[in-house]
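This is final_31.pdb (PDB, C-alpha atoms).
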ATOM      1  CA  MET A  19      -5.035  -3.206 -20.938
ATOM      2  CA  ILE A  20      -3.218  -1.445 -18.137
ATOM      3  CA  ALA A  21      -1.754   2.028 -17.835
ATOM      4  CA  ILE A  22       1.704   2.790 -16.542
ATOM      5  CA  GLY A  23       3.355   6.088 -15.832
ATOM      6  CA  SER A  24       6.016   7.895 -13.882
ATOM      7  CA  ASP A  25       7.546  11.239 -13.215
ATOM      8  CA  LYS A  26      11.304  11.823 -13.423
ATOM      9  CA  SER A  27      11.968  10.240 -10.013
ATOM     10  CA  GLY A  28      10.198   7.019 -10.946
ATOM     11  CA  PHE A  29      11.413   6.772 -14.529
ATOM     12  CA  GLY A  30      14.029   4.034 -14.032
ATOM     13  CA  LEU A  31      11.695   1.760 -12.086
ATOM     14  CA  LYS A  32       8.890   2.345 -14.587
ATOM     15  CA  GLU A  33      11.202   1.349 -17.429
ATOM     16  CA  ALA A  34      12.087  -1.905 -15.630
ATOM     17  CA  ILE A  35       8.394  -2.684 -15.156
ATOM     18  CA  LYS A  36       7.703  -1.870 -18.813
ATOM     19  CA  ALA A  37      10.391  -4.381 -19.850
ATOM     20  CA  TYR A  38       8.635  -7.042 -17.764
ATOM     21  CA  LEU A  39       5.244  -6.170 -19.298
ATOM     22  CA  VAL A  40       6.643  -6.467 -22.812
ATOM     23  CA  GLN A  41       8.313  -9.806 -21.974
ATOM     24  CA  ALA A  42       5.095 -11.122 -20.390
ATOM     25  CA  GLY A  43       2.938  -9.994 -23.313
ATOM     26  CA  ILE A  44       0.805  -7.699 -21.144
ATOM     27  CA  ALA A  45      -0.804  -4.864 -23.099
ATOM     28  CA  PHE A  46      -0.086  -1.452 -21.632
ATOM     29  CA  GLU A  47       0.105   2.224 -22.459
ATOM     30  CA  ASP A  48       2.726   4.532 -20.954
ATOM     31  CA  LEU A  49       1.043   7.813 -20.040
ATOM     32  CA  GLY A  50       3.917   9.355 -18.117
ATOM     33  CA  THR A  51       7.436  10.604 -18.608
ATOM     34  CA  GLN A  52       8.890   9.266 -21.843
ATOM     35  CA  SER A  53      12.466  10.494 -21.342
ATOM     36  CA  MET A  54      14.557  12.104 -18.649
ATOM     37  CA  ASP A  55      14.862  15.151 -20.945
ATOM     38  CA  ALA A  56      11.105  15.793 -20.872
ATOM     39  CA  PRO A  57       9.797  14.855 -17.417
ATOM     40  CA  VAL A  58       6.106  15.079 -16.595
ATOM     41  CA  PRO A  59       5.239  16.001 -12.959
ATOM     42  CA  TYR A  60       3.670  13.285 -10.788
ATOM     43  CA  PHE A  61       0.430  15.247 -10.391
ATOM     44  CA  GLU A  62      -0.028  15.501 -14.159
ATOM     45  CA  VAL A  63       0.586  11.778 -14.671
ATOM     46  CA  ALA A  64      -1.826  10.743 -11.914
ATOM     47  CA  LYS A  65      -4.396  13.285 -13.150
ATOM     48  CA  LYS A  66      -4.267  11.665 -16.580
ATOM     49  CA  VAL A  67      -4.327   8.024 -15.438
ATOM     50  CA  ALA A  68      -6.753   7.954 -12.488
ATOM     51  CA  PRO A  69      -9.945   8.981 -14.326
ATOM     52  CA  LEU A  70      -9.159   6.480 -17.085
ATOM     53  CA  VAL A  71      -8.932   3.685 -14.514
ATOM     54  CA  ALA A  72     -12.132   4.903 -12.838
ATOM     55  CA  SER A  73     -13.991   4.866 -16.159
ATOM     56  CA  GLY A  74     -12.735   1.402 -17.110
ATOM     57  CA  VAL A  75     -10.585   2.486 -20.057
ATOM     58  CA  TYR A  76      -7.734   0.749 -18.209
ATOM     59  CA  GLU A  77      -8.254  -2.283 -16.018
ATOM     60  CA  LYS A  78      -5.444  -1.330 -13.632
ATOM     61  CA  ALA A  79      -2.445   0.982 -13.474
ATOM     62  CA  VAL A  80       1.072   1.137 -12.088
ATOM     63  CA  LEU A  81       2.368   4.606 -11.215
ATOM     64  CA  VAL A  82       5.848   5.472  -9.975
ATOM     65  CA  CYS A  83       7.135   8.705  -8.450
ATOM     66  CA  GLY A  84       9.816   9.316  -5.816
ATOM     67  CA  THR A  85       7.951   7.710  -2.913
ATOM     68  CA  GLY A  86       4.700   6.530  -4.526
ATOM     69  CA  MET A  87       2.789   8.757  -2.147
ATOM     70  CA  GLY A  88       2.273  11.713  -4.486
ATOM     71  CA  MET A  89       0.808   9.507  -7.208
ATOM     72  CA  SER A  90      -1.439   7.870  -4.616
ATOM     73  CA  VAL A  91      -2.661  11.159  -3.124
ATOM     74  CA  VAL A  92      -3.612  12.620  -6.507
ATOM     75  CA  SER A  93      -5.124   9.369  -7.842
ATOM     76  CA  ASN A  94      -7.317   8.951  -4.775
ATOM     77  CA  LYS A  95      -8.965  12.325  -5.443
ATOM     78  CA  TYR A  96     -11.026  10.651  -8.187
ATOM     79  CA  LYS A  97     -14.316   8.906  -7.456
ATOM     80  CA  GLY A  98     -14.033   5.157  -7.861
ATOM     81  CA  VAL A  99     -10.242   5.090  -7.693
ATOM     82  CA  TYR A 100      -8.409   3.088  -5.071
ATOM     83  CA  ALA A 101      -4.687   3.739  -5.321
ATOM     84  CA  ALA A 102      -2.253   2.182  -2.854
ATOM     85  CA  ALA A 103       1.319   3.300  -2.195
ATOM     86  CA  VAL A 104       3.138   0.142  -1.174
ATOM     87  CA  GLU A 105       6.728  -0.925  -0.523
ATOM     88  CA  SER A 106       6.570  -4.741  -0.517
ATOM     89  CA  VAL A 107       5.323  -7.694  -2.546
ATOM     90  CA  TYR A 108       2.982  -8.599   0.307
ATOM     91  CA  GLY A 109       1.601  -5.046   0.373
ATOM     92  CA  ALA A 110       1.017  -5.150  -3.395
ATOM     93  CA  LYS A 111      -0.875  -8.432  -3.094
ATOM     94  CA  MET A 112      -2.995  -7.243  -0.169
ATOM     95  CA  ALA A 113      -3.764  -3.937  -1.907
ATOM     96  CA  ARG A 114      -5.626  -6.040  -4.479
ATOM     97  CA  ALA A 115      -6.934  -8.907  -2.319
ATOM     98  CA  ILE A 116      -8.178  -6.806   0.596
ATOM     99  CA  ASN A 117      -8.691  -3.285  -0.750
ATOM    100  CA  ASN A 118      -9.457  -4.003  -4.422
ATOM    101  CA  ALA A 119      -6.983  -1.277  -5.395
ATOM    102  CA  GLY A 120      -6.857  -0.528  -9.095
ATOM    103  CA  ILE A 121      -3.670   1.532  -9.033
ATOM    104  CA  LEU A 122      -0.352   0.403  -7.599
ATOM    105  CA  CYS A 123       1.892   3.320  -6.615
ATOM    106  CA  MET A 124       5.573   2.792  -5.923
ATOM    107  CA  GLY A 125       8.594   4.889  -5.059
ATOM    108  CA  GLY A 126      11.536   4.969  -7.418
ATOM    109  CA  TRP A 127      13.740   6.314  -4.602
ATOM    110  CA  ILE A 128      12.754   3.397  -2.366
ATOM    111  CA  ILE A 129      12.198   0.294  -4.499
ATOM    112  CA  GLY A 130      14.784  -1.386  -6.700
ATOM    113  CA  ALA A 131      13.962  -2.723 -10.150
ATOM    114  CA  GLU A 132      13.779  -6.412  -9.221
ATOM    115  CA  LEU A 133      11.474  -5.799  -6.252
ATOM    116  CA  GLY A 134       9.338  -3.365  -8.250
ATOM    117  CA  VAL A 135       8.820  -5.891 -11.030
ATOM    118  CA  GLU A 136       7.780  -8.543  -8.493
ATOM    119  CA  MET A 137       5.370  -6.090  -6.887
ATOM    120  CA  ALA A 138       3.815  -5.210 -10.237
ATOM    121  CA  LYS A 139       3.575  -8.884 -11.160
ATOM    122  CA  VAL A 140       1.719  -9.867  -7.985
ATOM    123  CA  PHE A 141      -0.510  -6.771  -8.132
ATOM    124  CA  LEU A 142      -1.554  -7.480 -11.709
ATOM    125  CA  ASN A 143      -2.164 -11.169 -11.016
ATOM    126  CA  THR A 144      -4.132 -10.928  -7.771
ATOM    127  CA  ALA A 145      -7.906 -10.680  -7.696
ATOM    128  CA  PHE A 146     -10.055  -9.014  -5.054
ATOM    129  CA  LEU A 147     -10.615 -11.543  -2.207
ATOM    130  CA  GLN A 148      -8.071 -13.999  -3.647
ATOM    131  CA  ASP A 149      -6.726 -16.570  -1.147
ATOM    132  CA  LEU A 150      -8.717 -15.129   1.764
ATOM    133  CA  GLU A 151     -10.791 -17.090   4.281
ATOM    134  CA  ASP A 152     -14.568 -17.240   3.739
ATOM    135  CA  TRP A 153     -15.321 -15.055   6.768
ATOM    136  CA  ARG A 154     -12.857 -12.412   5.569
ATOM    137  CA  GLN A 155     -14.306 -12.485   2.044
ATOM    138  CA  LYS A 156     -17.781 -11.847   3.448
ATOM    139  CA  PHE A 157     -16.518  -9.044   5.674
ATOM    140  CA  LEU A 158     -14.577  -7.360   2.859
ATOM    141  CA  THR A 159     -17.460  -7.646   0.398
ATOM    142  CA  ALA A 160     -19.679  -5.832   2.908
ATOM    143  CA  ALA A 161     -16.904  -3.336   3.686
ATOM    144  CA  GLU A 162     -16.471  -2.525  -0.005
ATOM    145  CA  LYS A 163     -20.173  -1.652  -0.219
ATOM    146  CA  LYS A 164     -19.838   0.650   2.805
ATOM    147  CA  VAL A 165     -16.821   2.387   1.269
ATOM    148  CA  LYS A 166     -18.807   2.980  -1.917
ATOM    149  CA  GLU A 167     -21.649   4.450   0.181
ATOM    150  CA  ILE A 168     -19.166   6.825   1.836
ATOM    151  CA  GLU A 169     -17.859   7.746  -1.591
ATOM    152  CA  GLU A 170     -21.402   8.551  -2.745
ATOM    153  CA  GLU A 171     -21.946  10.767   0.316
ATOM    154  CA  ILE A 172     -18.810  12.707  -0.564
ATOM    155  CA  TYR A 173     -19.054  12.882  -4.356
ATOM    156  CA  GLY A 174     -22.759  12.389  -4.949
TER     157      GLY A 174
END

Rewrite the coordinates I just gave you, this time as structure tokens.
Amino acid sequence: MIAIGSDKSGFGLKEAIKAYLVQAGIAFEDLGTQSMDAPVPYFEVAKKVAPLVASGVYEKAVLVCGTGMGMSVVSNKYKGVYAAAVESVYGAKMARAINNAGILCMGGWIIGAELGVEMAKVFLNTAFLQDLEDWRQKFLTAAEKKVKEIEEEIYG
């Protein structure tokens, strides 16, 4: 199951992505703004979602705010969370394939519904190291271990 959420600025894009998830039969839970009349701030949404991704309650997440950057900044405060603010389908794919990101962050002010759905689709369907050359897979596997070591130095 995946988590999805937005603040007021990302609400329209989140709703478009939700429609795709329903159509594709992908199980999800919306942990963000449920209506424009009762918006939830980006920092509250990310604070709710990020630890649940880190703990494995959700496999991945898609978060949408005005630029995607606020959701990413807050999400990346949590140990074990790799959130990427991206603005292209290629960026969404590489966030997974190269960086093993678990949270896709997008900007509702920047990305239209059709592009956002394509970005979510590729993010959710790309595995870490997918379609990469052998040498790059070896490098990135070692790099991921080093990043986790850095994380341990910081968080203990």

Next item on the list: Tell me which residues the PyMOL selection byres ((chain A and resi 56-69) around 9) grabs here, as a VMD selection string.
Entry: chain A and resid 21 to 27 29 49 to 55 70 to 76 79 81 to 84 88 to 99 101 121

Item checked: Shell around A:Ala113 at 10 Å using only C-alpha atoms, local window under 5 positions removed, as a ChimeraX atom specification -> /A:100-104,107-108,118-122,141,144-146

Next item on the list: Can you turn the PyMOL selection byres ((chain A and resi 116) around 9) into a concrete residue list for this file, as a PyMOL selection string?
Entry: chain A and resi 111-115+117-119+146-148+150+154-155+158

Item checked: Within 7 Å of stretch 130-137 of chain A using only C-alpha atoms, minus same-chain residues under 4 positions, as a PyMOL selection string -> chain A and resi 31+34-35+38+106-107+110+141

Check: Hey, what's within 7 Å of A:Ile20 if we count all atoms listed in the file and toss same-chain stuff fewer than 4 positions away? As an MDAnalysis selection string, please?
Finding: chainID A and resid 45:47 76:79

Listed atoms of stretch 159-171 of chain A, axis-aligned box, 5 Å per side: centre and edge lengths to one decimal in Å, as JSON?
{"center_x": -19.2, "center_y": 1.6, "center_z": 0.5, "size_x": 15.5, "size_y": 28.4, "size_z": 16.4}

Notebook entry, point to check: Please, what distance in Å, to one decimal, runs between atom CA of A:Asp48 and atom CA of A:Lys36?
Noted result: 8.4 Å

Checklist line | Between atom CA of A:Leu39 and atom CA of A:Val80, distance in Å (one decimal) | finding: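 Answer for the atom CA of A:Leu39 to atom CA of A:Val80 separation: 11.1 Å.
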
Next item on the list: Mind giving me the straight-line distance from atom CA of A:Cys123 to atom CA of A:Glu151 in Å, one decimal?
Entry: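 Answer for the atom CA of A:Cys123 to atom CA of A:Glu151 separation: 26.4 Å.
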
Could stretch 27-43 of chain A be completed with N, CA and C atoms and written as a short mmCIF file (atom, residue, chain, number, x, y, z; two decimals), in the coordinates of the input, please?
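And here's out-v9.cif as it stands now:
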data_model
loop_
_atom_site.label_atom_id
_atom_site.label_comp_id
_atom_site.auth_asym_id
_atom_site.auth_seq_id
_atom_site.Cartn_x
_atom_site.Cartn_y
_atom_site.Cartn_z
N SER A 27 11.42 11.03 -11.12
CA SER A 27 11.97 10.24 -10.01
C SER A 27 11.65 8.75 -10.13
N GLY A 28 10.59 8.42 -10.80
CA GLY A 28 10.20 7.02 -10.95
C GLY A 28 10.54 6.41 -12.29
N PHE A 29 11.19 7.19 -13.15
CA PHE A 29 11.41 6.77 -14.53
C PHE A 29 12.16 5.44 -14.65
N GLY A 30 13.24 5.27 -13.93
CA GLY A 30 14.03 4.03 -14.03
C GLY A 30 13.23 2.80 -13.63
N LEU A 31 12.51 2.88 -12.53
CA LEU A 31 11.70 1.76 -12.09
C LEU A 31 10.58 1.48 -13.08
N LYS A 32 9.95 2.54 -13.59
CA LYS A 32 8.89 2.35 -14.59
C LYS A 32 9.43 1.62 -15.82
N GLU A 33 10.61 1.99 -16.26
CA GLU A 33 11.20 1.35 -17.43
C GLU A 33 11.46 -0.14 -17.18
N ALA A 34 11.88 -0.49 -15.98
CA ALA A 34 12.09 -1.90 -15.63
C ALA A 34 10.76 -2.67 -15.66
N ILE A 35 9.71 -2.05 -15.15
CA ILE A 35 8.39 -2.68 -15.16
C ILE A 35 7.87 -2.81 -16.58
N LYS A 36 8.10 -1.80 -17.40
CA LYS A 36 7.70 -1.87 -18.81
C LYS A 36 8.39 -3.05 -19.51
N ALA A 37 9.67 -3.26 -19.24
CA ALA A 37 10.39 -4.38 -19.85
C ALA A 37 9.74 -5.70 -19.46
N TYR A 38 9.34 -5.83 -18.20
CA TYR A 38 8.64 -7.04 -17.76
C TYR A 38 7.31 -7.19 -18.51
N LEU A 39 6.55 -6.11 -18.62
CA LEU A 39 5.24 -6.17 -19.30
C LEU A 39 5.40 -6.61 -20.75
N VAL A 40 6.38 -6.08 -21.42
CA VAL A 40 6.64 -6.47 -22.81
C VAL A 40 6.97 -7.95 -22.87
N GLN A 41 7.89 -8.39 -22.01
CA GLN A 41 8.31 -9.81 -21.97
C GLN A 41 7.15 -10.74 -21.66
N ALA A 42 6.24 -10.29 -20.78
CA ALA A 42 5.10 -11.12 -20.39
C ALA A 42 3.93 -11.02 -21.36
N GLY A 43 4.01 -10.14 -22.35
CA GLY A 43 2.94 -9.99 -23.31
C GLY A 43 1.71 -9.29 -22.75
#
